[in-house]
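The data block below is upload.csv; it holds CSV, C-alpha atoms.
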```
chain,number,residue,atom,x,y,z
A,1,MET,CA,-47.8,67.7,26.2
A,2,ALA,CA,-44.1,68.3,25.4
A,3,GLU,CA,-41.8,68.2,28.3
A,4,HIS,CA,-39.3,70.9,29.1
A,5,THR,CA,-36.5,71.4,31.5
A,6,GLU,CA,-36.6,74.3,34.0
A,7,HIS,CA,-34.8,76.4,31.5
A,8,GLY,CA,-37.3,75.7,28.8
A,9,VAL,CA,-35.1,73.2,26.8
A,10,HIS,CA,-37.2,70.7,25.0
A,11,ILE,CA,-37.1,67.1,26.1
A,12,ALA,CA,-37.6,64.5,23.4
A,13,SER,CA,-40.1,61.9,24.3
A,14,LEU,CA,-39.0,58.3,24.4
A,15,ARG,CA,-41.6,57.4,21.9
A,16,LEU,CA,-40.2,59.8,19.4
A,17,LEU,CA,-36.7,58.5,20.0
A,18,VAL,CA,-37.9,54.9,19.3
A,19,VAL,CA,-39.7,55.9,16.2
A,20,VAL,CA,-36.6,57.6,14.8
A,21,LEU,CA,-34.6,54.5,15.7
A,22,ILE,CA,-36.9,52.3,13.7
A,23,ALA,CA,-36.8,54.7,10.8
A,24,LEU,CA,-33.0,54.7,10.8
A,25,MET,CA,-32.9,50.9,10.9
A,26,PHE,CA,-35.3,50.7,8.1
A,27,GLY,CA,-33.2,53.2,6.1
A,28,THR,CA,-30.1,51.0,6.7
A,29,TRP,CA,-32.0,48.0,5.4
A,30,LEU,CA,-33.2,50.0,2.4
A,31,THR,CA,-29.7,51.2,1.6
A,32,VAL,CA,-28.3,47.7,1.7
A,33,SER,CA,-31.1,46.2,-0.4
A,34,ALA,CA,-30.9,49.0,-3.0
A,35,THR,CA,-27.3,48.0,-3.8
A,36,TYR,CA,-28.6,44.6,-5.1
A,37,VAL,CA,-30.8,46.3,-7.7
A,38,ASP,CA,-28.8,47.4,-10.7
A,39,LEU,CA,-29.8,50.9,-11.6
A,40,GLY,CA,-26.6,52.0,-13.2
A,41,ALA,CA,-25.4,55.4,-12.3
A,42,LEU,CA,-28.6,56.0,-10.3
A,43,ASN,CA,-27.5,53.6,-7.5
A,44,ILE,CA,-25.1,56.0,-5.9
A,45,TRP,CA,-27.6,58.9,-5.9
A,46,ILE,CA,-30.3,56.7,-4.4
A,47,GLY,CA,-27.9,55.6,-1.7
A,48,LEU,CA,-26.8,59.1,-1.0
A,49,ALA,CA,-30.5,60.3,-0.8
A,50,ILE,CA,-31.3,57.6,1.7
A,51,ALA,CA,-28.2,58.3,3.7
A,52,THR,CA,-29.0,62.0,3.7
A,53,ALA,CA,-32.6,61.3,4.8
A,54,LYS,CA,-31.1,59.3,7.7
A,55,ALA,CA,-28.7,62.2,8.5
A,56,VAL,CA,-31.7,64.7,8.5
A,57,LEU,CA,-33.6,62.4,11.0
A,58,VAL,CA,-30.5,62.2,13.3
A,59,GLY,CA,-30.0,66.0,13.1
A,60,LEU,CA,-33.6,67.0,13.6
A,61,TYR,CA,-34.6,64.7,16.4
A,62,TYR,CA,-31.5,63.1,18.1
A,63,MET,CA,-29.5,66.3,17.9
A,64,HIS,CA,-32.6,68.4,18.8
A,65,LEU,CA,-32.1,70.8,15.9
A,66,ARG,CA,-35.9,70.9,15.5
A,67,TRP,CA,-36.2,72.6,18.8
A,68,ASP,CA,-32.9,74.3,19.0
A,69,ARG,CA,-32.0,77.9,18.1
A,70,PRO,CA,-32.1,78.2,14.3
A,71,PHE,CA,-28.6,79.7,14.3
A,72,ASN,CA,-27.1,76.5,15.5
A,73,ALA,CA,-28.7,74.7,12.6
A,74,PHE,CA,-27.4,77.4,10.3
A,75,VAL,CA,-23.9,76.8,11.6
A,76,PHE,CA,-24.1,73.1,11.0
A,77,ILE,CA,-25.8,73.2,7.6
A,78,SER,CA,-23.2,75.8,6.4
A,79,ALA,CA,-20.5,73.2,7.0
A,80,PHE,CA,-22.3,70.9,4.6
A,81,ALA,CA,-22.8,73.8,2.1
A,82,PHE,CA,-19.0,74.5,2.1
A,83,LEU,CA,-18.3,70.8,1.8
A,84,ALA,CA,-20.5,70.7,-1.3
A,85,LEU,CA,-18.7,73.7,-2.8
A,86,PHE,CA,-15.4,72.0,-2.0
A,87,VAL,CA,-16.4,68.7,-3.6
A,88,GLY,CA,-18.2,70.3,-6.5
A,89,PHE,CA,-15.5,72.7,-7.6
A,90,THR,CA,-12.7,70.1,-7.2
A,91,LEU,CA,-14.7,67.7,-9.4
A,92,MET,CA,-15.4,70.3,-12.0
A,93,ASP,CA,-11.7,71.2,-12.0
A,94,SER,CA,-10.4,67.6,-12.3
A,95,ALA,CA,-13.0,66.8,-15.0
A,96,HIS,CA,-11.4,69.5,-17.2
A,97,TYR,CA,-8.1,67.7,-17.5
A,98,GLN,CA,-9.1,64.1,-17.0
A,99,ASP,CA,-8.3,63.4,-20.7
A,100,LEU,CA,-4.7,64.6,-20.0
A,101,ILE,CA,-4.1,62.3,-17.1
A,102,ILE,CA,-6.1,59.2,-18.0
A,103,PRO,CA,-5.3,57.7,-21.3
A,104,GLY,CA,-8.4,56.8,-23.2
A,105,TRP,CA,-10.8,58.8,-21.1
A,106,PRO,CA,-14.1,58.8,-23.0
A,107,GLY,CA,-14.6,62.5,-22.8
A,108,GLN,CA,-11.8,63.3,-25.2
B,1,MET,CA,-32.6,93.7,38.8
B,2,ALA,CA,-29.3,94.4,40.7
B,3,ALA,CA,-30.3,92.0,43.4
B,4,GLN,CA,-31.2,89.3,40.9
B,5,HIS,CA,-27.9,89.8,39.1
B,6,HIS,CA,-26.1,89.6,42.4
B,7,GLU,CA,-27.8,86.4,43.2
B,8,GLU,CA,-26.9,84.8,39.9
B,9,CYS,CA,-23.3,85.7,40.2
B,10,HIS,CA,-23.2,83.5,43.2
B,11,ASP,CA,-24.7,80.5,41.4
B,12,PRO,CA,-21.7,78.1,41.5
B,13,HIS,CA,-22.7,76.6,38.2
B,14,VAL,CA,-22.6,79.8,36.2
B,15,ALA,CA,-19.2,81.3,35.3
B,16,HIS,CA,-18.7,84.9,36.2
B,17,HIS,CA,-18.7,86.1,32.6
B,18,PHE,CA,-22.2,84.7,31.9
B,19,GLU,CA,-25.3,86.6,32.5
B,20,SER,CA,-27.4,83.6,33.3
B,21,ALA,CA,-27.4,79.8,33.3
B,22,ASP,CA,-29.4,79.9,30.1
B,23,GLN,CA,-26.8,82.1,28.4
B,24,GLN,CA,-24.1,79.8,29.5
B,25,PHE,CA,-25.9,76.8,28.1
B,26,GLN,CA,-26.6,78.5,24.8
B,27,SER,CA,-23.0,79.6,24.5
B,28,ALA,CA,-21.7,76.1,25.2
B,29,LYS,CA,-24.1,74.8,22.6
B,30,LEU,CA,-23.1,77.3,19.9
B,31,GLY,CA,-19.4,76.4,20.6
B,32,MET,CA,-20.2,72.8,20.2
B,33,TRP,CA,-22.0,73.3,16.9
B,34,LEU,CA,-19.0,75.3,15.6
B,35,PHE,CA,-16.7,72.5,16.6
B,36,LEU,CA,-19.0,70.0,14.8
B,37,ALA,CA,-18.9,72.1,11.7
B,38,THR,CA,-15.1,71.9,11.7
B,39,GLU,CA,-15.4,68.2,12.2
B,40,ILE,CA,-17.5,67.9,9.1
B,41,LEU,CA,-14.9,69.9,7.2
B,42,PHE,CA,-12.1,67.8,8.7
B,43,PHE,CA,-13.7,64.6,7.2
B,44,GLY,CA,-14.6,66.7,4.2
B,45,GLY,CA,-11.0,66.8,2.9
B,46,LEU,CA,-11.1,63.0,2.8
B,47,PHE,CA,-14.5,63.0,1.1
B,48,VAL,CA,-13.0,65.3,-1.6
B,49,ALA,CA,-10.1,62.9,-2.1
B,50,TYR,CA,-12.7,60.1,-2.3
B,51,SER,CA,-14.8,61.9,-4.9
B,52,VAL,CA,-11.9,62.8,-7.1
B,53,TYR,CA,-10.4,59.4,-7.2
B,54,ARG,CA,-13.8,57.6,-7.6
B,55,SER,CA,-14.8,59.9,-10.5
B,56,ASN,CA,-11.5,59.5,-12.2
B,57,HIS,CA,-10.9,55.8,-11.5
B,58,PRO,CA,-14.2,54.0,-10.8
B,59,GLU,CA,-12.7,50.6,-11.5
B,60,ILE,CA,-10.4,50.9,-8.5
B,61,PHE,CA,-13.4,51.3,-6.2
B,62,VAL,CA,-15.4,48.5,-7.9
B,63,PHE,CA,-12.3,46.3,-7.4
B,64,GLY,CA,-11.5,47.3,-3.9
B,65,HIS,CA,-14.9,47.2,-2.3
B,66,GLN,CA,-15.1,43.5,-3.0
B,67,PHE,CA,-12.6,43.0,-0.2
B,68,LEU,CA,-14.9,44.7,2.3
B,69,ASP,CA,-17.5,42.7,4.1
B,70,LYS,CA,-21.0,44.2,3.5
B,71,ASN,CA,-22.4,42.2,6.4
B,72,LEU,CA,-19.9,43.4,8.9
B,73,GLY,CA,-20.3,47.0,7.6
B,74,ALA,CA,-24.1,46.8,8.0
B,75,PHE,CA,-23.7,45.2,11.4
B,76,ASN,CA,-21.5,48.1,12.5
B,77,THR,CA,-24.0,50.6,11.1
B,78,VAL,CA,-26.7,49.1,13.1
B,79,VAL,CA,-24.5,49.1,16.2
B,80,LEU,CA,-23.8,52.8,15.8
B,81,ILE,CA,-27.4,53.7,15.1
B,82,TRP,CA,-28.4,51.8,18.2
B,83,SER,CA,-25.7,53.7,20.2
B,84,SER,CA,-27.0,57.0,18.8
B,85,PHE,CA,-30.4,56.0,20.2
B,86,THR,CA,-29.0,55.1,23.6
B,87,ILE,CA,-27.1,58.4,24.0
B,88,ALA,CA,-30.1,60.4,22.8
B,89,TRP,CA,-32.0,58.7,25.5
B,90,ALA,CA,-29.2,59.4,27.9
B,91,VAL,CA,-29.7,63.1,27.3
B,92,ARG,CA,-33.4,62.7,28.1
B,93,ALA,CA,-32.4,60.8,31.3
B,94,ALA,CA,-30.0,63.6,32.3
B,95,GLN,CA,-32.7,66.3,31.7
B,96,LEU,CA,-35.1,64.4,33.9
B,97,LYS,CA,-32.4,63.7,36.5
B,98,GLN,CA,-32.7,60.0,36.1
B,99,ILE,CA,-29.1,59.5,37.1
B,100,LYS,CA,-29.2,55.7,37.4
B,101,LEU,CA,-30.8,55.3,34.0
B,102,LEU,CA,-28.3,57.8,32.6
B,103,LYS,CA,-25.3,55.7,33.8
B,104,TRP,CA,-26.8,52.6,32.3
B,105,LEU,CA,-27.3,54.3,29.0
B,106,LEU,CA,-23.8,55.6,28.9
B,107,VAL,CA,-22.5,52.2,29.6
B,108,ALA,CA,-24.7,50.8,26.8
B,109,THR,CA,-23.4,53.4,24.4
B,110,MET,CA,-19.8,52.7,25.4
B,111,ALA,CA,-20.4,49.0,24.9
B,112,CYS,CA,-21.6,49.7,21.4
B,113,ALA,CA,-18.5,51.7,20.7
B,114,PHE,CA,-16.3,48.8,21.8
B,115,VAL,CA,-18.3,46.3,19.7
B,116,PHE,CA,-17.8,48.7,16.7
B,117,LEU,CA,-14.1,48.8,17.3
B,118,GLY,CA,-13.9,45.0,17.8
B,119,VAL,CA,-15.6,44.4,14.4
B,120,LYS,CA,-13.2,47.0,12.9
B,121,TYR,CA,-10.3,45.1,14.4
B,122,VAL,CA,-11.5,41.9,12.7
B,123,GLU,CA,-11.8,43.7,9.4
B,124,TYR,CA,-8.4,45.5,9.6
B,125,SER,CA,-6.6,42.3,10.6
B,126,SER,CA,-7.9,40.4,7.5
B,127,LYS,CA,-6.7,43.3,5.3
B,128,TRP,CA,-3.3,43.3,7.1
B,129,LYS,CA,-3.0,39.5,6.6
B,130,HIS,CA,-3.4,39.9,2.9
B,131,GLY,CA,-1.3,43.0,2.4
B,132,LEU,CA,-4.4,45.0,1.4
B,133,LEU,CA,-2.9,48.2,2.9
B,134,TRP,CA,-2.3,51.8,2.1
B,135,ALA,CA,0.1,53.3,-0.5
B,136,ALA,CA,3.4,51.5,-0.7
B,137,LYS,CA,2.3,49.0,1.9
B,138,PHE,CA,-0.2,47.6,-0.7
B,139,GLN,CA,1.3,44.3,-1.5
B,140,PRO,CA,-1.5,41.8,-1.9
B,141,HIS,CA,-0.4,38.3,-1.0
B,142,LEU,CA,-1.7,35.1,0.3
B,143,GLU,CA,-0.9,34.2,3.8
B,144,ALA,CA,1.2,31.0,3.6
B,145,THR,CA,-1.5,28.5,4.4
B,146,VAL,CA,-1.2,24.8,4.8
B,147,GLY,CA,-1.6,23.0,1.5
B,148,ASP,CA,-1.2,26.2,-0.5
B,149,GLY,CA,1.0,25.4,-3.4
B,150,HIS,CA,1.8,28.9,-4.5
B,151,GLY,CA,5.1,30.5,-3.8
B,152,GLU,CA,5.1,33.7,-1.9
B,153,GLY,CA,7.4,35.3,-4.5
B,154,ASP,CA,5.1,35.6,-7.4
B,155,ALA,CA,2.3,36.3,-5.1
B,156,SER,CA,3.6,39.6,-3.9
B,157,HIS,CA,2.5,41.5,-7.0
B,158,GLU,CA,-0.5,41.6,-9.3
B,159,ALA,CA,-2.5,39.3,-7.1
B,160,GLY,CA,-6.1,39.9,-7.6
B,161,GLY,CA,-9.2,38.3,-6.3
B,162,PRO,CA,-11.6,36.5,-8.6
B,163,GLN,CA,-14.5,38.5,-9.9
B,164,PRO,CA,-17.8,37.4,-8.5
B,165,GLU,CA,-20.1,38.9,-11.1
B,166,ALA,CA,-19.6,39.7,-14.7
B,167,GLU,CA,-18.0,43.1,-14.2
B,168,VAL,CA,-15.1,42.2,-16.3
B,169,PRO,CA,-15.4,45.3,-18.6
B,170,ALA,CA,-14.3,47.4,-15.7
B,171,ALA,CA,-11.2,45.3,-15.4
B,172,GLU,CA,-10.4,45.6,-19.1
B,173,ALA,CA,-11.0,49.3,-19.1
B,174,SER,CA,-8.5,49.7,-16.3
B,175,GLY,CA,-5.6,49.4,-18.7
B,176,THR,CA,-4.0,46.5,-16.8
B,177,ALA,CA,-5.2,43.9,-19.2
B,178,GLU,CA,-1.6,42.6,-19.6
B,179,ALA,CA,-1.9,41.0,-16.2
B,180,PRO,CA,-2.7,37.5,-17.5
B,181,ALA,CA,-5.6,35.5,-16.2
B,182,ASP,CA,-3.1,32.9,-14.9
B,183,PRO,CA,-5.0,30.0,-13.3
B,184,ASP,CA,-2.1,29.5,-10.9
B,185,ARG,CA,-2.3,33.0,-9.8
B,186,PRO,CA,-3.0,33.2,-6.1
B,187,THR,CA,-6.2,34.8,-5.1
B,188,ILE,CA,-7.3,36.6,-2.1
B,189,PRO,CA,-10.7,35.6,-0.9
B,190,LEU,CA,-13.3,38.2,-1.3
B,191,ALA,CA,-15.3,39.3,1.7
B,192,PRO,CA,-18.6,37.5,0.8
B,193,ASP,CA,-16.9,34.2,0.6
B,194,GLY,CA,-16.4,33.7,4.2
B,195,PRO,CA,-15.8,35.4,7.5
B,196,PRO,CA,-14.2,38.8,6.8
B,197,GLY,CA,-11.8,37.7,4.1
B,198,LEU,CA,-10.6,34.8,6.2
B,199,ALA,CA,-12.1,32.0,4.1
B,200,ALA,CA,-10.0,29.1,3.0
B,201,GLU,CA,-8.3,30.3,-0.2
B,202,ALA,CA,-8.6,27.0,-2.0
B,203,GLU,CA,-12.4,27.1,-1.9
B,204,VAL,CA,-12.5,30.4,-3.6
B,205,ALA,CA,-10.0,30.1,-6.3
B,206,GLY,CA,-12.1,28.3,-8.8
B,207,ALA,CA,-15.5,28.3,-7.2
B,208,GLY,CA,-17.4,29.1,-10.4
B,209,HIS,CA,-16.8,32.8,-10.3
B,210,GLY,CA,-16.3,34.6,-13.6
B,211,ALA,CA,-12.9,35.4,-15.0
B,212,PRO,CA,-10.5,36.6,-12.5
B,213,MET,CA,-10.3,40.4,-12.2
B,214,ALA,CA,-6.9,41.9,-12.6
B,215,THR,CA,-5.7,44.2,-9.9
B,216,PRO,CA,-6.2,47.6,-11.4
B,217,ASP,CA,-3.4,50.1,-11.5
B,218,MET,CA,-3.4,52.1,-8.3
B,219,ALA,CA,-5.7,49.7,-6.5
B,220,LYS,CA,-3.7,50.9,-3.5
B,221,ILE,CA,-5.5,54.2,-3.7
B,222,PHE,CA,-8.7,52.5,-2.6
B,223,PHE,CA,-7.1,51.1,0.4
B,224,SER,CA,-5.3,54.3,1.3
B,225,ILE,CA,-8.6,56.1,1.3
B,226,TYR,CA,-10.3,53.3,3.1
B,227,PHE,CA,-7.8,53.3,5.9
B,228,LEU,CA,-7.6,57.0,6.2
B,229,MET,CA,-11.3,57.5,6.3
B,230,THR,CA,-12.2,54.6,8.6
B,231,GLY,CA,-9.1,55.2,10.7
B,232,LEU,CA,-9.9,58.8,11.3
B,233,HIS,CA,-13.5,57.7,12.1
B,234,GLY,CA,-12.1,55.0,14.5
B,235,ILE,CA,-10.0,57.6,16.3
B,236,HIS,CA,-13.2,59.6,16.8
B,237,VAL,CA,-14.9,56.5,18.2
B,238,LEU,CA,-12.1,56.2,20.7
B,239,GLY,CA,-12.5,59.9,21.6
B,240,GLY,CA,-16.2,59.2,22.1
B,241,ILE,CA,-15.4,56.4,24.5
B,242,ALA,CA,-13.1,58.7,26.5
B,243,ALA,CA,-15.8,61.4,26.6
B,244,MET,CA,-18.4,58.9,27.9
B,245,ALA,CA,-16.1,57.6,30.5
B,246,TRP,CA,-15.7,61.2,31.7
B,247,LEU,CA,-19.5,61.6,31.8
B,248,LEU,CA,-19.8,58.4,33.9
B,249,ARG,CA,-17.3,59.9,36.3
B,250,CYS,CA,-19.2,63.2,36.4
B,251,ALA,CA,-22.4,61.2,37.0
B,252,ALA,CA,-20.8,59.2,39.8
B,253,ARG,CA,-19.6,62.4,41.4
B,254,GLY,CA,-23.2,63.8,41.3
B,255,ASP,CA,-22.6,66.6,38.9
B,256,PHE,CA,-25.9,65.9,37.1
B,257,ASP,CA,-28.1,65.6,40.2
B,258,THR,CA,-29.1,69.2,39.9
B,259,GLY,CA,-30.5,68.7,36.4
B,260,HIS,CA,-27.4,70.2,34.8
B,261,PHE,CA,-27.1,68.2,31.6
B,262,THR,CA,-24.9,70.4,29.3
B,263,ARG,CA,-22.0,68.0,29.2
B,264,VAL,CA,-24.2,65.0,28.4
B,265,ASP,CA,-25.8,67.0,25.6
B,266,MET,CA,-22.5,68.1,24.1
B,267,VAL,CA,-21.0,64.6,24.1
B,268,ALA,CA,-24.2,63.3,22.6
B,269,LEU,CA,-24.0,65.8,19.8
B,270,TYR,CA,-20.4,64.7,19.1
B,271,TRP,CA,-21.5,61.1,19.1
B,272,HIS,CA,-24.3,61.7,16.6
B,273,VAL,CA,-21.8,63.2,14.2
B,274,VAL,CA,-19.6,60.1,14.5
B,275,ASP,CA,-22.7,58.1,13.6
B,276,LEU,CA,-23.5,60.5,10.7
B,277,VAL,CA,-20.0,60.1,9.2
B,278,TRP,CA,-20.3,56.4,9.4
B,279,ILE,CA,-23.6,56.3,7.6
B,280,TYR,CA,-21.9,57.9,4.7
B,281,LEU,CA,-18.7,55.8,5.0
B,282,PHE,CA,-20.7,52.6,5.0
B,283,LEU,CA,-22.5,53.6,1.8
B,284,LEU,CA,-19.4,55.0,0.0
B,285,LEU,CA,-16.9,52.3,0.8
B,286,TYR,CA,-18.9,49.1,1.3
B,287,LEU,CA,-21.9,49.5,-1.0
B,288,ILE,CA,-20.2,50.4,-4.3
B,289,HIS,CA,-22.2,49.0,-7.2
```
Can you turn what I pasted into structure tokens?
Amino acid sequence: MAEHTEHGVHIASLRLLVVVLIALMFGTWLTVSATYVDLGALNIWIGLAIATAKAVLVGLYYMHLRWDRPFNAFVFISAFAFLALFVGFTLMDSAHYQDLIIPGWPGQ
Amino acid sequence: MAAQHHEECHDPHVAHHFESADQQFQSAKLGMWLFLATEILFFGGLFVAYSVYRSNHPEIFVFGHQFLDKNLGAFNTVVLIWSSFTIAWAVRAAQLKQIKLLKWLLVATMACAFVFLGVKYVEYSSKWKHGLLWAAKFQPHLEATVGDGHGEGDASHEAGGPQPEAEVPAAEASGTAEAPADPDRPTIPLAPDGPPGLAAEAEVAGAGHGAPMATPDMAKIFFSIYFLMTGLHGIHVLGGIAAMAWLLRCAARGDFDTGHFTRVDMVALYWHVVDLVWIYLFLLLYLIH
């Protein structure tokens, strides 16, 4: 069924590549349409969720992570984990003194 | 064992410090993934700046994103996703030794990259024209157009576009309410009102939009972040074009005739990351609600 090179590397089928392409296009349409619905603070999280779903599709199938050595996926995902720490801690920090730098910040 | 080892040492495609072609391939791949991890962190610094400023000053982003054209952004997203598909297919072609198909797919991917940069050029030049630039260069103004009665002098500061929807509270909350809603105040056309901010100014000025929105303090921050993020991404697109040109040369030289596809695979991984970054940039810069 699944094709492989002489060295046992997985070859993605054209059908799979097309299916992922269609899913990514659908995701883009969904992201754009979602911005026309006012969900308040939820909007950004829905957008990020769709974008992340697209990123996972690209990573798993176009970047072959699904068939790659798990360590490579670990390296890549760890970059996102560190980025989340970076963003998270910086936001926590700046939230603590927002009332000092922004006059009238509601959190006072 | 010794004989086999001896034989592999003479494989011209395997460097002497690798045990086997497979080990060489896996090492290249691990190196590439490490590089991509650093790329994510490279962009990460800018995403941190984005998050901090957006959480502290949401009104700047609500204001600024109106000058970006959603349609052009969406078009570029589709172009990059398509190019991701063609280069993923190119990897398959290289694995199956379909050299002619590989060349065509590389050309298609490069064409997408050029289209992307072309659209970016249109977007940048409209920002340039209206002084919607980074940091100290942020001096919103109208290009002197025929029949435009406004002097350039008073236009150089505090010029804001009209507000399309009733998002006025954001403007008031920004603390720049002293900027008067002067009917004579020049306005910069918003992206939705025409081709990338190039619409005739007069049509927009009083076209039934709500109250004009004052330019928030530090609106320049949005444009600094916009140009830094899309600029760094654009440089990566240029790098991708160079890498694909190199692949084309390798393909023409016959490097991939033996089924050796490592280089195509590495460039494709890089290109997918360029696509991934854009998926987030499009959402975070163009689709602010």
Exercise for review: Could you please select, counting all atoms listed in the file, the residues of chain A within 7 Å of chain B and state them as an MDAnalysis selection string?
Suggested key: chainID A and resid 5 7 11:12 17 21 25 35 47 51 55 62:63 72 75:76 79 83 87 91
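Distances to Ala242 of chain B were evaluated for B:Phe61, B:Phe67, B:Phe223, B:Phe114 using all atoms listed in the file, and the minimum falls at B:Phe114.
Atom CA of Leu285 of chain B is found 6.3 Å from atom CA of His65 of chain B.
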Check your understanding: His10 of chain A: which residues within 10 Å, counting only C-alpha atoms, same-chain residues fewer than 5 positions away excluded, as JSON, numbers by chain?
Key -> {"A": [2, 3, 4, 5, 64, 66, 67, 68], "B": [92, 95]}
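Here atom CA of Trp134 of chain B and atom CA of Val62 of chain B stand 16.8 Å from one another.
Proximity of B:Phe63, B:Gln139, B:His236, B:Leu102 to Val264 of chain B, computed with all atoms listed in the file, is greatest for B:Leu102.
For the residues B:Ala251, B:Ala90, B:Val274, B:Leu133, ranking by smallest atom-to-atom distance to Ala219 of chain B using only C-alpha atoms places B:Leu133 first.
In this structure, atom CA of Tyr61 of chain A sits 18.2 Å away from atom CA of Ala49 of chain A.
Proximity ranking of B:Thr230, B:Leu106, B:Val119, B:Gln66 relative to Leu247 of chain B places B:Leu106 first, based on all atoms listed in the file.
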